[in-house]
Amino acid sequence: MSDSASVCTVVPAQTGAIDRARLVAEQLDLAYEKNLDGASGSVALIIDREDAWLQEISANRPGPVRVDFASPAMMHRRRGGQNELLGRAVGNKGNRHPWVFDATAGLGRDAFVLADLGCQVAMFERSPVLAFILQEGLNRAIISQFPEVRQAAARMSVQHRDSTGIAAAPEQVIYLDPMFEERKGTAASKKDLRVLQALHGYPPDHQHLTDWAFAQPVSRIVVKRPLKAVPLTGPPPSHTLKGRAVRFDVYVR
């Protein structure tokens with residue numbers, strides 16, 4: 001089985017989703033269990049007939065981790081001031097909408113914000129489980145009842161690939177959102193981070209990611225960091241844009 005099999009088990013949400021759950025488990029080379037009580041590892045991929053989400057396997061079983069670009073939280077974020085900072089960081093301005101290489105797609109939320117601002121965003125995700133739910137979320141967004149969600153989704157794509165094995169195009173902006181070592185925030189944000197850490201392994205190899213990014217023939221690299229964290233190893237940023245909890249280190253080359 002894949003490396004993910006030791007940490008993630010596929011579980012059907014209901015009896016009507018058993019066949020689909022078995023098929024997904026086979027496609028992703030993951031273990032299958034009929035319910036959460038029998039699931040092994042630290043994360044379950046819950047499969048419903050037309051939905052999928054992640055669930056921590058623990059005694060208190062915190063709520064689901066979803067990719068839902070039309071959720072109330074994402075619709076609220078569309079109107080947030082942080083979007084302007086992210087857009088400015090990648091060079092989105094006026095009629096200029098960069099083509100963004102999102103090298104660490106995760107749950108795709110920043111990618112959606114950038115696409116909503118008008119950027120074309122290619123999301124690369126090395127975890128097959130995360131790539132799967134990203135594609136599921138994107139498929140639902142494409143047929144969303146909200147036209148703004150459909151328009152943003154049309155500018156997004158997902159690839160299950162390790163970005164460090166791919167050459168970025170010169171016209172792209174590389175966007176890196178490495179897993180934070182520590183995160184102060186809501187219980188929901190900590191829950192999401194624990195799932196990402198379980199699926200990717202922890203601690204992450206920031207140096208390998210940074211070395212790859214700075215070897216690419218691009219003119220701009222943007223790195224998302226906690227507000228008070230040291231910059232990733234490499235040259236100092238050209239400038240930094242600071243929000244309330246995070247900052248964007250911008251490297252213009």
# chains A, B, ... in the order shown; residues from 1 in each chain; ligands from 1

$ closest_atom_pairs --of "range 145-225 of chain A" --to "range 88-99 of chain A" --cutoff "12 Å" --atoms "only C-alpha atoms" --output "tab-separated table"
residue	atom	partner	partner_atom	distance
A:Arg155	CA	A:Trp99	CA	9.6
A:Met156	CA	A:Trp99	CA	10.2
A:Ser157	CA	A:Trp99	CA	11.6
A:Ala168	CA	A:Trp99	CA	10.7
A:Ala169	CA	A:Trp99	CA	9.5
A:Pro170	CA	A:Trp99	CA	10.1
A:Glu171	CA	A:Trp99	CA	7.1
A:Gln172	CA	A:Trp99	CA	5.1
A:Val173	CA	A:Trp99	CA	6.3
A:Ile174	CA	A:Val90	CA	8.3
A:Tyr175	CA	A:Val90	CA	7.7
A:Leu176	CA	A:Val90	CA	10.9
A:Val218	CA	A:Trp99	CA	11.1
A:Ser219	CA	A:Val90	CA	10.5
A:Arg220	CA	A:Val90	CA	7.4
A:Ile221	CA	A:Val90	CA	7.7
A:Val222	CA	A:Val90	CA	6.5
A:Val223	CA	A:Ala89	CA	9.0
A:Lys224	CA	A:Ala89	CA	9.6

$ residues_around --residues "Thr164 in chain A" --least-positions-apart "4" --cutoff "10 Å" --atoms "only C-alpha atoms" --output "MDAnalysis selection string"
chainID A and resid 103:104 124 126 168 208:213 216

$ write_last_selection --atoms "N, CA and C atoms" --output "PDB file, in the first residue's frame"
ATOM      1  N   ALA A 103       2.557  25.608  -4.822  1.00  0.00           N
ATOM      2  CA  ALA A 103       3.384  24.415  -4.644  1.00  0.00           C
ATOM      3  C   ALA A 103       2.991  23.587  -3.430  1.00  0.00           C
ATOM      4  N   THR A 104       2.205  24.150  -2.531  1.00  0.00           N
ATOM      5  CA  THR A 104       1.804  23.458  -1.297  1.00  0.00           C
ATOM      6  C   THR A 104       0.304  23.669  -1.099  1.00  0.00           C
ATOM      7  N   PHE A 124      -0.662  22.129  -6.705  1.00  0.00           N
ATOM      8  CA  PHE A 124       0.102  20.895  -6.673  1.00  0.00           C
ATOM      9  C   PHE A 124       0.080  20.350  -5.244  1.00  0.00           C
ATOM     10  N   ARG A 126       1.166  16.812  -2.996  1.00  0.00           N
ATOM     11  CA  ARG A 126       1.842  15.513  -3.032  1.00  0.00           C
ATOM     12  C   ARG A 126       1.103  14.422  -2.274  1.00  0.00           C
ATOM     13  N   ALA A 168       8.861  24.964 -12.779  1.00  0.00           N
ATOM     14  CA  ALA A 168       7.900  26.057 -12.930  1.00  0.00           C
ATOM     15  C   ALA A 168       8.233  26.865 -14.175  1.00  0.00           C
ATOM     16  N   HIS A 208      14.328  21.679   1.546  1.00  0.00           N
ATOM     17  CA  HIS A 208      14.182  21.083   0.215  1.00  0.00           C
ATOM     18  C   HIS A 208      13.217  21.908  -0.637  1.00  0.00           C
ATOM     19  N   LEU A 209      12.135  22.341  -0.030  1.00  0.00           N
ATOM     20  CA  LEU A 209      11.140  23.138  -0.740  1.00  0.00           C
ATOM     21  C   LEU A 209      11.720  24.491  -1.148  1.00  0.00           C
ATOM     22  N   THR A 210      12.438  25.127  -0.223  1.00  0.00           N
ATOM     23  CA  THR A 210      13.047  26.425  -0.519  1.00  0.00           C
ATOM     24  C   THR A 210      14.115  26.311  -1.596  1.00  0.00           C
ATOM     25  N   ASP A 211      14.954  25.299  -1.513  1.00  0.00           N
ATOM     26  CA  ASP A 211      15.998  25.103  -2.526  1.00  0.00           C
ATOM     27  C   ASP A 211      15.385  24.934  -3.912  1.00  0.00           C
ATOM     28  N   TRP A 212      14.314  24.156  -3.976  1.00  0.00           N
ATOM     29  CA  TRP A 212      13.634  23.968  -5.268  1.00  0.00           C
ATOM     30  C   TRP A 212      13.093  25.291  -5.800  1.00  0.00           C
ATOM     31  N   ALA A 213      12.383  26.039  -4.931  1.00  0.00           N
ATOM     32  CA  ALA A 213      11.736  27.276  -5.379  1.00  0.00           C
ATOM     33  C   ALA A 213      12.749  28.271  -5.935  1.00  0.00           C
ATOM     34  N   GLN A 216      14.113  27.815  -9.494  1.00  0.00           N
ATOM     35  CA  GLN A 216      13.211  27.950 -10.635  1.00  0.00           C
ATOM     36  C   GLN A 216      13.400  29.303 -11.326  1.00  0.00           C
TER      37      GLN A 216
END

$ residues_around --residues "Ala115 in chain A" --least-positions-apart "6" --cutoff "12 Å" --atoms "only C-alpha atoms" --output "PyMOL selection string"
chain A and resi 69+78+83+86-87+90+92+97-102+108-109+121-123+138+148-157

$ closest_residue --among "A:Ser127, A:Gln120, A:Ser71, A:Thr9" --to "Leu196 in chain A" --atoms "only C-alpha atoms"
A:Ser127

$ select_by_dssp --residues "range 57-172 of chain A" --states "strand (DSSP E)" --output "PyMOL selection string"
chain A and resi 99-102+120-124+156-159+172

$ write_last_selection --atoms "C-alpha atoms" --output "compact mmCIF listing (two decimals), in the first residue's frame"
# COMPACT_ATOMS: atom_id res chain seq x y z
CA TRP A 99 -0.47 32.66 -13.18
CA VAL A 100 0.21 31.14 -9.75
CA PHE A 101 2.07 27.89 -9.10
CA ASP A 102 0.68 26.86 -5.69
CA GLN A 120 -5.04 31.32 -12.81
CA VAL A 121 -3.95 28.89 -10.09
CA ALA A 122 -2.33 25.49 -10.58
CA MET A 123 -2.52 23.56 -7.29
CA PHE A 124 0.10 20.90 -6.67
CA MET A 156 -8.21 26.45 -10.74
CA SER A 157 -6.68 23.05 -11.44
CA VAL A 158 -5.37 20.22 -9.24
CA GLN A 159 -2.44 17.91 -9.82
CA GLN A 172 4.53 31.86 -13.05

$ atom_distance --atom1 "CA of Ile133 in chain A" --atom2 "CA of Ser58 in chain A"
20.7 Å

$ closest_residue --among "A:Glu84, A:Asp177, A:Asp19, A:Glu136" --to "Val113 in chain A" --atoms "only C-alpha atoms"
A:Glu84

$ closest_residue --among "A:Tyr202, A:Tyr32, A:Ser42, A:Lys191" --to "Pro178 in chain A" --atoms "only C-alpha atoms"
A:Tyr202

$ residues_around --residues "Arg247 in chain A" --least-positions-apart "5" --cutoff "9 Å" --atoms "only C-alpha atoms" --output "mmCIF file with C-alpha atoms, in the first residue's frame"
data_model
loop_
_atom_site.group_PDB
_atom_site.id
_atom_site.type_symbol
_atom_site.label_atom_id
_atom_site.label_comp_id
_atom_site.auth_asym_id
_atom_site.auth_seq_id
_atom_site.Cartn_x
_atom_site.Cartn_y
_atom_site.Cartn_z
ATOM 1 C CA LEU A 85 -2.578 41.368 1.034
ATOM 2 C CA LEU A 86 -2.366 37.958 -0.639
ATOM 3 C CA VAL A 223 6.101 32.572 1.169
ATOM 4 C CA LYS A 224 3.361 32.644 3.805
ATOM 5 C CA ARG A 225 4.711 32.657 7.350
ATOM 6 C CA PRO A 226 3.461 33.193 10.904
ATOM 7 C CA LEU A 227 3.708 36.869 11.768
ATOM 8 C CA LYS A 228 6.676 36.518 14.157
ATOM 9 C CA THR A 240 7.061 41.779 3.448
ATOM 10 C CA LEU A 241 3.320 42.330 3.713
ATOM 11 C CA LYS A 242 1.969 41.864 7.244
#

$ residues_around --residues "Val7 in chain A" --least-positions-apart "2" --cutoff "12 Å" --atoms "only C-alpha atoms" --output "ChimeraX atom specification"
/A:1-5,9-10,30-31,39-45,54-57,127,129,195-201

$ atom_distance --atom1 "CA of Tyr251 in chain A" --atom2 "CA of Asp110 in chain A"
18.3 Å

$ select_by_dssp --residues "range 13-253 of chain A" --states "helix (DSSP H, G or I)" --output "VMD selection string"
chain A and resid 15 to 28 36 to 38 72 to 77 82 to 90 109 to 116 128 to 142 147 to 153 163 to 165 187 to 200 206 to 214

$ residues_around --residues "Leu107 in chain A" --least-positions-apart "2" --cutoff "7 Å" --atoms "only C-alpha atoms" --output "ChimeraX atom specification"
/A:67,105,109,134

$ closest_residue --among "A:Gly16, A:Pro231, A:Gly165, A:Pro236" --to "Ala215 in chain A" --atoms "only C-alpha atoms"
A:Gly165

$ atom_distance --atom1 "CA of Asp68 in chain A" --atom2 "CA of Asp249 in chain A"
27.2 Å
